[in-house]
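First comes the structure, then the notes that go with it.
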Amino acid sequence: MSEFVSFKIDGKQCMGRAGEYITEAAERNNIYIPTLCDYKGTAPKASCRVCTVKVNGRVMTSCTTPLQEGMEIENETAEIQDIRSGIIELLFAEGNHLCPSCEKSGSCELQALGYRFRMMVPRFPYLFPVREIDASHPKLIKDHNRCILCKRCVRVMKDEKGRSFFAFYKRGAKLEITIAPELADKITDEVAQQAMDVCPTGALLKKRKGWDVPVGKRLFDMKPIGSEFEQVK
Amino acid sequence: MSKAVVATTSMAGCFGCHMSFLDIDERILDLIELVEFNKSPIDDIKHFTKQCDIGLLEGGCANSENVEVLKEFRKHCKILVSVGECALMGGLPAMRNGIPIKECIDEAYLNAPTTKNCNPDRILPNDDELPMLLDRVYPCHEIVKIDYFLPGCPPRADLIWNALYALVTGDELKLPYEVFKYD
Ligand code: SF4
Ligand code: SF4
Ligand code: SF4
Ligand code: FES
């Protein structure tokens with residue numbers, strides 16, 4: 001059994017297991033550290049940086065930093081919250097996020113972070129990039145306007161042989177998600193649904209499914225993302 | 001105490017934000033105690049007749065007239081508030097950003113199912129009186145300085161009310177989670 005260590009988050013004394021990631025340890029101490037690219041049960045990728053904290057005064061991603069005895073972690077300080085807000089705003093400005101016309105609206109993790117951080121409007125100018133919507137697959141729509149390149153779909157969605165259904169394609173600013181051609185016809189309704197659930201945004205959508213949850217009942221309509229981890233204050 | 005003077009306008013918007021504003025129900029009675037309206041579709045005053053305290057902006061800028069109206073608002077209002085996704089980021093009209101203007105116009109006047117074969121002379125709107133379309137749709141804050149932003153499509157009536165009330169009275173803005181939405 002791994003050894004227990006004590007550490008602090010924003011001055012609060014916490015207990016955790018040595019070596020587990022800071023995000024996991026925080027969660028079990030009823031403290032929410034926002035995450036976006038991270039997905040429970042899958043090795044972290046640290047592509048979004050939303051989980052940024054300061055550990056003993058140094059900026060780090062908490063989803064990839066193993067816990068050690070005596071760590072002093074800054075989570076909800078003004079400085080850290082501003083870094084996170086900036087990252088969220090960048091993601092909104094960098095893509096084309098027309099939430100009113102998005103099937104994922106209300107259950108989208110990126111949007112939910114915008115709500116949680118009370119983002120009124122990004123501090124950066126909107127780029128309005130020209131990107132495709134690819135609806136050629138019989139079960140699945142890919143909307144590149146909304147993809148934040150978190151790679152969750154690539155890391156999580158695999159067939160029984162461990163091959164990824166999705167992959168990165170092209171380079172640099174043109175980088176996008178593609179469906180592995182040899183696995184395309186193995187994407188059943190079920191797989192399409194899973195992919196849609198795994199994707200934090202509305203970039204992967206199961207066809208003939210949109211708008212099936214009424215406004216008010218969607219994941220983040222009434223409760224902020226992360227509130228399930230937080231102590232009743 | 002003299003009442004705060006409020007102006008409102010709809011530029012490249014659908015009037016949904018104004019409709020949401022009217023959704024404050026019986027608080028409209030409190031509203032008329034609190035403010036007087038100047039240029040606004042609510043009282044149909046077409047031109048500013050005095051300096052205003054607050055300007056509420058619906059819609060972004062899609063054409064030259066929108067830009068002119070917006071600049072008028074900046075000149076005549078102490079505080080400008082962008083109301084709704086269209087004002088904040090262009091909204092639905094901004095879906096044309098990235099499509100060349102010629103393609104948009106051809107689609108609307110020549111190739112759409114309702115115009116195809118109905119426009120044999122292939123006439124495109126060209127009257128001098130018509131405002132010019134801009135190359136893309138601009139959020140209001142890319143044209144003039146905007147002081148506050150209220151997201152939503154439309155922003156919930158409670159959000160608009162809370163914001164207006166806070167601005168007029170100087171009280172702190174109430175921002176409950178359930179009224180803060182982008183859709
Ligand atoms: S993916 Fe999320 S943030 Fe983007 S448009 Fe859809 S709901 Fe909005
Ligand atoms: S499609 Fe979704 S899960 Fe995949 S990289 Fe894009 S945002 Fe992430
Ligand atoms: S934000 Fe929505 S309701 Fe307001 S003008 Fe735009 S489309 Fe209409
Ligand atoms: S959640 Fe840690 S970097 Fe994305």
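Lettering and numbering for the structure tokens are positional, with chains as A, B, ... in the shown order, residues counted from 1 in each chain, and ligands counted from 1 in the shown order.
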May I have a table of the residues of chain B lying at most 12 Å from chain A, giving each one's closest pair of atoms and their distance in Å to one decimal, counting only C-alpha atoms, ordered by chain and ascending residue number, as a Markdown table?
| residue | atom | partner | partner_atom | distance |
| --- | --- | --- | --- | --- |
| B:Val81 | CA | A:Met120 | CA | 11.3 |
| B:Ser82 | CA | A:Val121 | CA | 9.9 |
| B:Val83 | CA | A:Met120 | CA | 10.4 |
| B:Gly84 | CA | A:Met120 | CA | 10.2 |
| B:Glu85 | CA | A:Pro100 | CA | 8.2 |
| B:Cys86 | CA | A:Leu98 | CA | 9.6 |
| B:Ala87 | CA | A:Val121 | CA | 10.3 |
| B:Leu88 | CA | A:Val121 | CA | 6.6 |
| B:Met89 | CA | A:Tyr126 | CA | 7.4 |
| B:Gly90 | CA | A:Leu98 | CA | 9.0 |
| B:Gly91 | CA | A:Leu98 | CA | 6.3 |
| B:Leu92 | CA | A:Leu98 | CA | 7.1 |
| B:Pro93 | CA | A:Leu98 | CA | 10.3 |
| B:Ala94 | CA | A:Phe128 | CA | 8.5 |
| B:Met95 | CA | A:Leu98 | CA | 8.4 |
| B:Arg96 | CA | A:Phe128 | CA | 9.8 |
| B:Asn97 | CA | A:Phe128 | CA | 6.6 |
| B:Gly98 | CA | A:Val130 | CA | 5.5 |
| B:Ile99 | CA | A:Val130 | CA | 8.3 |
| B:Pro100 | CA | A:Val130 | CA | 11.1 |
| B:Arg136 | CA | A:Phe128 | CA | 9.6 |
| B:Val137 | CA | A:Phe128 | CA | 10.0 |
| B:Tyr138 | CA | A:Tyr126 | CA | 9.3 |
| B:Pro139 | CA | A:Tyr126 | CA | 8.7 |
| B:Cys140 | CA | A:Val121 | CA | 11.3 |
| B:His141 | CA | A:Pro125 | CA | 9.3 |
| B:Glu142 | CA | A:Pro125 | CA | 7.8 |
| B:Ile143 | CA | A:Pro125 | CA | 11.6 |
| B:Ile146 | CA | A:Val121 | CA | 10.9 |
| B:Asp147 | CA | A:Met120 | CA | 11.3 |
| B:Tyr148 | CA | A:Met120 | CA | 8.4 |
| B:Phe149 | CA | A:Met120 | CA | 5.8 |
| B:Leu150 | CA | A:Met120 | CA | 6.5 |
| B:Pro151 | CA | A:Met120 | CA | 6.1 |
| B:Gly152 | CA | A:Pro100 | CA | 8.0 |
| B:Cys153 | CA | A:Pro100 | CA | 6.2 |
| B:Pro154 | CA | A:Pro100 | CA | 8.9 |
| B:Pro155 | CA | A:Pro100 | CA | 11.0 |
| B:Leu175 | CA | A:Arg118 | CA | 8.8 |
| B:Pro176 | CA | A:Met222 | CA | 10.0 |
| B:Tyr177 | CA | A:Met222 | CA | 7.1 |
| B:Glu178 | CA | A:Met222 | CA | 5.5 |
| B:Val179 | CA | A:Met222 | CA | 9.1 |
| B:Phe180 | CA | A:Tyr115 | CA | 6.7 |
| B:Lys181 | CA | A:Tyr115 | CA | 6.9 |
| B:Tyr182 | CA | A:Cys99 | CA | 6.0 |
| B:Asp183 | CA | A:Pro100 | CA | 4.2 |
Test item, alpha helix (DSSP H) assignment across range 3-168 of chain B, answer as a short mmCIF file (atom, residue, chain, number, x, y, z; two decimals) with N, CA and C atoms, in the first residue's frame:
data_model
loop_
_atom_site.label_atom_id
_atom_site.label_comp_id
_atom_site.auth_asym_id
_atom_site.auth_seq_id
_atom_site.Cartn_x
_atom_site.Cartn_y
_atom_site.Cartn_z
N GLY B 16 -34.46 39.30 -30.13
CA GLY B 16 -34.70 38.38 -29.03
C GLY B 16 -34.21 38.95 -27.70
N CYS B 17 -33.12 39.71 -27.75
CA CYS B 17 -32.60 40.28 -26.50
C CYS B 17 -33.56 41.34 -25.95
N HIS B 18 -34.14 42.13 -26.84
CA HIS B 18 -35.16 43.08 -26.39
C HIS B 18 -36.38 42.35 -25.82
N MET B 19 -36.76 41.26 -26.49
CA MET B 19 -37.91 40.48 -25.98
C MET B 19 -37.61 39.94 -24.58
N SER B 20 -36.37 39.49 -24.40
CA SER B 20 -35.99 38.96 -23.10
C SER B 20 -36.05 40.06 -22.03
N PHE B 21 -35.64 41.25 -22.42
CA PHE B 21 -35.70 42.40 -21.53
C PHE B 21 -37.14 42.61 -21.05
N LEU B 22 -38.10 42.47 -21.97
CA LEU B 22 -39.51 42.65 -21.60
C LEU B 22 -40.02 41.51 -20.72
N ARG B 27 -41.91 43.63 -13.07
CA ARG B 27 -40.83 44.56 -12.68
C ARG B 27 -40.73 45.73 -13.65
N ILE B 28 -41.47 45.62 -14.75
CA ILE B 28 -41.48 46.72 -15.71
C ILE B 28 -42.03 47.98 -15.03
N LEU B 29 -42.88 47.78 -14.01
CA LEU B 29 -43.42 48.93 -13.26
C LEU B 29 -42.31 49.59 -12.43
N ASP B 30 -41.45 48.75 -11.84
CA ASP B 30 -40.31 49.31 -11.12
C ASP B 30 -39.37 50.01 -12.09
N LEU B 31 -39.26 49.41 -13.26
CA LEU B 31 -38.32 49.94 -14.26
C LEU B 31 -38.68 51.38 -14.63
N ILE B 32 -39.97 51.65 -14.85
CA ILE B 32 -40.32 53.01 -15.26
C ILE B 32 -40.18 54.01 -14.12
N GLU B 33 -40.15 53.51 -12.88
CA GLU B 33 -39.82 54.40 -11.75
C GLU B 33 -38.33 54.72 -11.76
N LEU B 34 -37.56 53.75 -12.25
CA LEU B 34 -36.11 53.81 -12.11
C LEU B 34 -35.45 54.57 -13.26
N SER B 64 -22.42 48.90 -42.55
CA SER B 64 -21.94 50.25 -42.23
C SER B 64 -22.91 51.01 -41.33
N GLU B 65 -24.20 50.72 -41.45
CA GLU B 65 -25.15 51.43 -40.61
C GLU B 65 -24.99 51.01 -39.14
N ASN B 66 -24.77 49.70 -38.92
CA ASN B 66 -24.55 49.22 -37.56
C ASN B 66 -23.38 49.97 -36.92
N VAL B 67 -22.32 50.17 -37.70
CA VAL B 67 -21.13 50.84 -37.16
C VAL B 67 -21.48 52.28 -36.78
N GLU B 68 -22.25 52.94 -37.65
CA GLU B 68 -22.63 54.32 -37.37
C GLU B 68 -23.47 54.43 -36.10
N VAL B 69 -24.47 53.53 -35.99
CA VAL B 69 -25.33 53.53 -34.80
C VAL B 69 -24.49 53.30 -33.56
N LEU B 70 -23.59 52.34 -33.65
CA LEU B 70 -22.77 52.01 -32.49
C LEU B 70 -21.92 53.21 -32.07
N LYS B 71 -21.35 53.90 -33.04
CA LYS B 71 -20.52 55.07 -32.71
C LYS B 71 -21.38 56.19 -32.11
N GLU B 72 -22.61 56.35 -32.61
CA GLU B 72 -23.55 57.31 -32.01
C GLU B 72 -23.80 56.96 -30.54
N PHE B 73 -24.00 55.68 -30.29
CA PHE B 73 -24.25 55.24 -28.91
C PHE B 73 -23.06 55.56 -28.02
N ARG B 74 -21.87 55.31 -28.55
CA ARG B 74 -20.68 55.60 -27.74
C ARG B 74 -20.60 57.08 -27.40
N LYS B 75 -20.97 57.91 -28.37
CA LYS B 75 -20.92 59.36 -28.16
C LYS B 75 -21.95 59.82 -27.13
N HIS B 76 -23.11 59.17 -27.13
CA HIS B 76 -24.22 59.68 -26.33
C HIS B 76 -24.44 58.96 -25.00
N GLU B 85 -25.21 37.22 -27.15
CA GLU B 85 -24.09 36.63 -27.88
C GLU B 85 -23.77 37.40 -29.17
N CYS B 86 -24.79 37.91 -29.86
CA CYS B 86 -24.51 38.61 -31.12
C CYS B 86 -23.65 39.84 -30.87
N ALA B 87 -23.97 40.60 -29.83
CA ALA B 87 -23.19 41.79 -29.51
C ALA B 87 -21.80 41.39 -29.02
N LEU B 88 -21.75 40.28 -28.27
CA LEU B 88 -20.49 39.87 -27.66
C LEU B 88 -19.51 39.25 -28.66
N MET B 89 -20.04 38.41 -29.54
CA MET B 89 -19.11 37.69 -30.43
C MET B 89 -19.63 37.55 -31.86
N ILE B 101 -17.80 37.48 -49.11
CA ILE B 101 -19.05 38.24 -49.26
C ILE B 101 -19.78 37.86 -50.54
N LYS B 102 -19.03 37.69 -51.63
CA LYS B 102 -19.69 37.42 -52.90
C LYS B 102 -20.49 36.12 -52.83
N GLU B 103 -19.90 35.13 -52.19
CA GLU B 103 -20.60 33.85 -52.03
C GLU B 103 -21.89 34.02 -51.24
N CYS B 104 -21.83 34.84 -50.17
CA CYS B 104 -23.02 35.06 -49.32
C CYS B 104 -24.12 35.71 -50.16
N ILE B 105 -23.75 36.76 -50.89
CA ILE B 105 -24.74 37.51 -51.66
C ILE B 105 -25.32 36.65 -52.78
N ASP B 106 -24.45 35.92 -53.48
CA ASP B 106 -24.94 35.04 -54.55
C ASP B 106 -25.91 34.01 -53.99
N ALA B 157 -33.84 37.25 -18.60
CA ALA B 157 -34.44 38.51 -18.16
C ALA B 157 -33.87 38.93 -16.81
N ASP B 158 -33.68 37.95 -15.91
CA ASP B 158 -33.16 38.26 -14.57
C ASP B 158 -31.76 38.86 -14.64
N LEU B 159 -30.98 38.37 -15.60
CA LEU B 159 -29.62 38.89 -15.72
C LEU B 159 -29.66 40.35 -16.20
N ILE B 160 -30.49 40.62 -17.19
CA ILE B 160 -30.59 41.99 -17.70
C ILE B 160 -31.11 42.91 -16.59
N TRP B 161 -32.11 42.45 -15.89
CA TRP B 161 -32.69 43.25 -14.81
C TRP B 161 -31.65 43.51 -13.71
N ASN B 162 -31.01 42.43 -13.26
CA ASN B 162 -30.01 42.59 -12.19
C ASN B 162 -28.93 43.58 -12.59
N ALA B 163 -28.49 43.49 -13.85
CA ALA B 163 -27.40 44.35 -14.32
C ALA B 163 -27.86 45.81 -14.39
N LEU B 164 -29.03 46.01 -14.95
CA LEU B 164 -29.53 47.38 -15.07
C LEU B 164 -29.76 47.98 -13.69
N TYR B 165 -30.32 47.17 -12.80
CA TYR B 165 -30.60 47.64 -11.45
C TYR B 165 -29.30 48.01 -10.73
N ALA B 166 -28.29 47.16 -10.89
CA ALA B 166 -27.01 47.42 -10.24
C ALA B 166 -26.37 48.69 -10.80
N LEU B 167 -26.47 48.86 -12.11
CA LEU B 167 -25.86 50.04 -12.74
C LEU B 167 -26.55 51.33 -12.28
N VAL B 168 -27.86 51.28 -12.18
CA VAL B 168 -28.61 52.49 -11.83
C VAL B 168 -28.48 52.82 -10.35
#
Test item: residues lying within 10 Å of ligand 2 with only C-alpha atoms and all ligand atoms, as number ranges by chain: A: 36-37, 39, 47-48, 109-110, 141-157, 166-168, 176-179, 195-205
Name the residues in contact with Asp189 in chain A at a cut-off of 8 Å, using only C-alpha atoms, excluding same-chain residues fewer than 3 positions from it; report them as a PDB file with N, CA, C and O atoms, in the first residue's frame.
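And here is the file that came out, result_16.pdb:
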ATOM      1  N   LYS A 139     -22.456   7.688 -38.570  1.00  0.00           N
ATOM      2  CA  LYS A 139     -22.907   7.750 -37.170  1.00  0.00           C
ATOM      3  C   LYS A 139     -22.479   9.014 -36.446  1.00  0.00           C
ATOM      4  O   LYS A 139     -23.022   9.344 -35.400  1.00  0.00           O
ATOM      5  N   ALA A 192     -20.335   5.694 -31.067  1.00  0.00           N
ATOM      6  CA  ALA A 192     -20.548   7.113 -31.358  1.00  0.00           C
ATOM      7  C   ALA A 192     -21.030   7.857 -30.103  1.00  0.00           C
ATOM      8  O   ALA A 192     -20.576   8.955 -29.794  1.00  0.00           O
ATOM      9  N   GLN A 193     -21.926   7.207 -29.368  1.00  0.00           N
ATOM     10  CA  GLN A 193     -22.432   7.818 -28.131  1.00  0.00           C
ATOM     11  C   GLN A 193     -21.303   7.991 -27.120  1.00  0.00           C
ATOM     12  O   GLN A 193     -21.162   9.039 -26.504  1.00  0.00           O
ATOM     13  N   LYS A 206     -22.973  12.438 -31.881  1.00  0.00           N
ATOM     14  CA  LYS A 206     -23.673  11.285 -32.451  1.00  0.00           C
ATOM     15  C   LYS A 206     -24.801  11.828 -33.318  1.00  0.00           C
ATOM     16  O   LYS A 206     -25.508  12.748 -32.924  1.00  0.00           O
TER      17      LYS A 206
END
Separation of CA of Lys39 in chain B from CA of Asn126 in chain B, in Å and rounded to one decimal: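 One can read the CA of Lys39 in chain B to CA of Asn126 in chain B distance as 28.9 Å.
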Filtered DSSP result for range 46-223 of chain A, state strand (DSSP E or B), as a PyMOL selection string: chain A and resi 52-55+58-61+66+72-74+133-134+140-143+158+164+166-169+176-179+204-206
Based on the selection just made, write C-alpha atoms of those residues as a CSV table (one decimal), in the first residue's frame.
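Contents of out_10.csv, as written:
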chain,number,residue,atom,x,y,z
A,52,THR,CA,-2.6,24.9,-13.4
A,53,VAL,CA,-1.6,25.3,-9.7
A,54,LYS,CA,1.4,26.5,-7.9
A,55,VAL,CA,3.4,23.9,-6.0
A,58,ARG,CA,6.2,26.9,-9.0
A,59,VAL,CA,3.6,26.8,-11.7
A,60,MET,CA,2.6,23.2,-12.6
A,61,THR,CA,-0.2,21.1,-14.1
A,66,PRO,CA,2.6,13.3,-8.3
A,72,GLU,CA,2.1,23.6,-0.4
A,73,ILE,CA,-0.4,24.0,-3.3
A,74,GLU,CA,-2.0,27.2,-4.4
A,133,ILE,CA,-17.8,20.4,-40.3
A,134,ASP,CA,-17.4,16.8,-41.4
A,140,LEU,CA,-20.8,10.7,-36.2
A,141,ILE,CA,-20.4,14.4,-36.9
A,142,LYS,CA,-17.0,16.0,-36.4
A,143,ASP,CA,-17.2,19.8,-35.9
A,158,LYS,CA,-10.2,2.3,-28.5
A,164,SER,CA,-7.6,4.2,-31.3
A,166,PHE,CA,-9.4,8.7,-33.6
A,167,ALA,CA,-6.0,10.3,-34.4
A,168,PHE,CA,-4.4,13.6,-34.9
A,169,TYR,CA,-4.0,14.6,-38.5
A,176,GLU,CA,-7.2,18.2,-36.5
A,177,ILE,CA,-8.9,15.1,-35.3
A,178,THR,CA,-9.6,12.4,-37.8
A,179,ILE,CA,-11.3,9.0,-37.7
A,204,LEU,CA,-17.9,14.9,-31.7
A,205,LEU,CA,-21.7,14.4,-32.0
A,206,LYS,CA,-23.7,11.3,-32.5
Which polymer residues have any atom within 6 Å of an atom of Tyr32 in chain A, counting only C-alpha atoms, with same-chain residues fewer than 5 positions away left out, as a CSV table (one decimal) with N, CA, C and O atoms, in the first residue's frame?
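Wrote out-v1.csv, looks like this:
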chain,number,residue,atom,x,y,z
A,27,GLU,N,-9.4,16.0,-5.1
A,27,GLU,CA,-10.8,15.5,-5.1
A,27,GLU,C,-11.2,14.8,-3.9
A,27,GLU,O,-12.3,15.0,-3.3
A,226,GLY,N,-17.7,20.7,-11.2
A,226,GLY,CA,-16.8,20.6,-10.0
A,226,GLY,C,-17.6,20.7,-8.7
A,226,GLY,O,-17.0,20.3,-7.7
A,229,PHE,N,-17.6,17.8,-6.2
A,229,PHE,CA,-16.4,17.5,-5.3
A,229,PHE,C,-16.3,18.4,-4.1
A,229,PHE,O,-15.6,18.1,-3.2
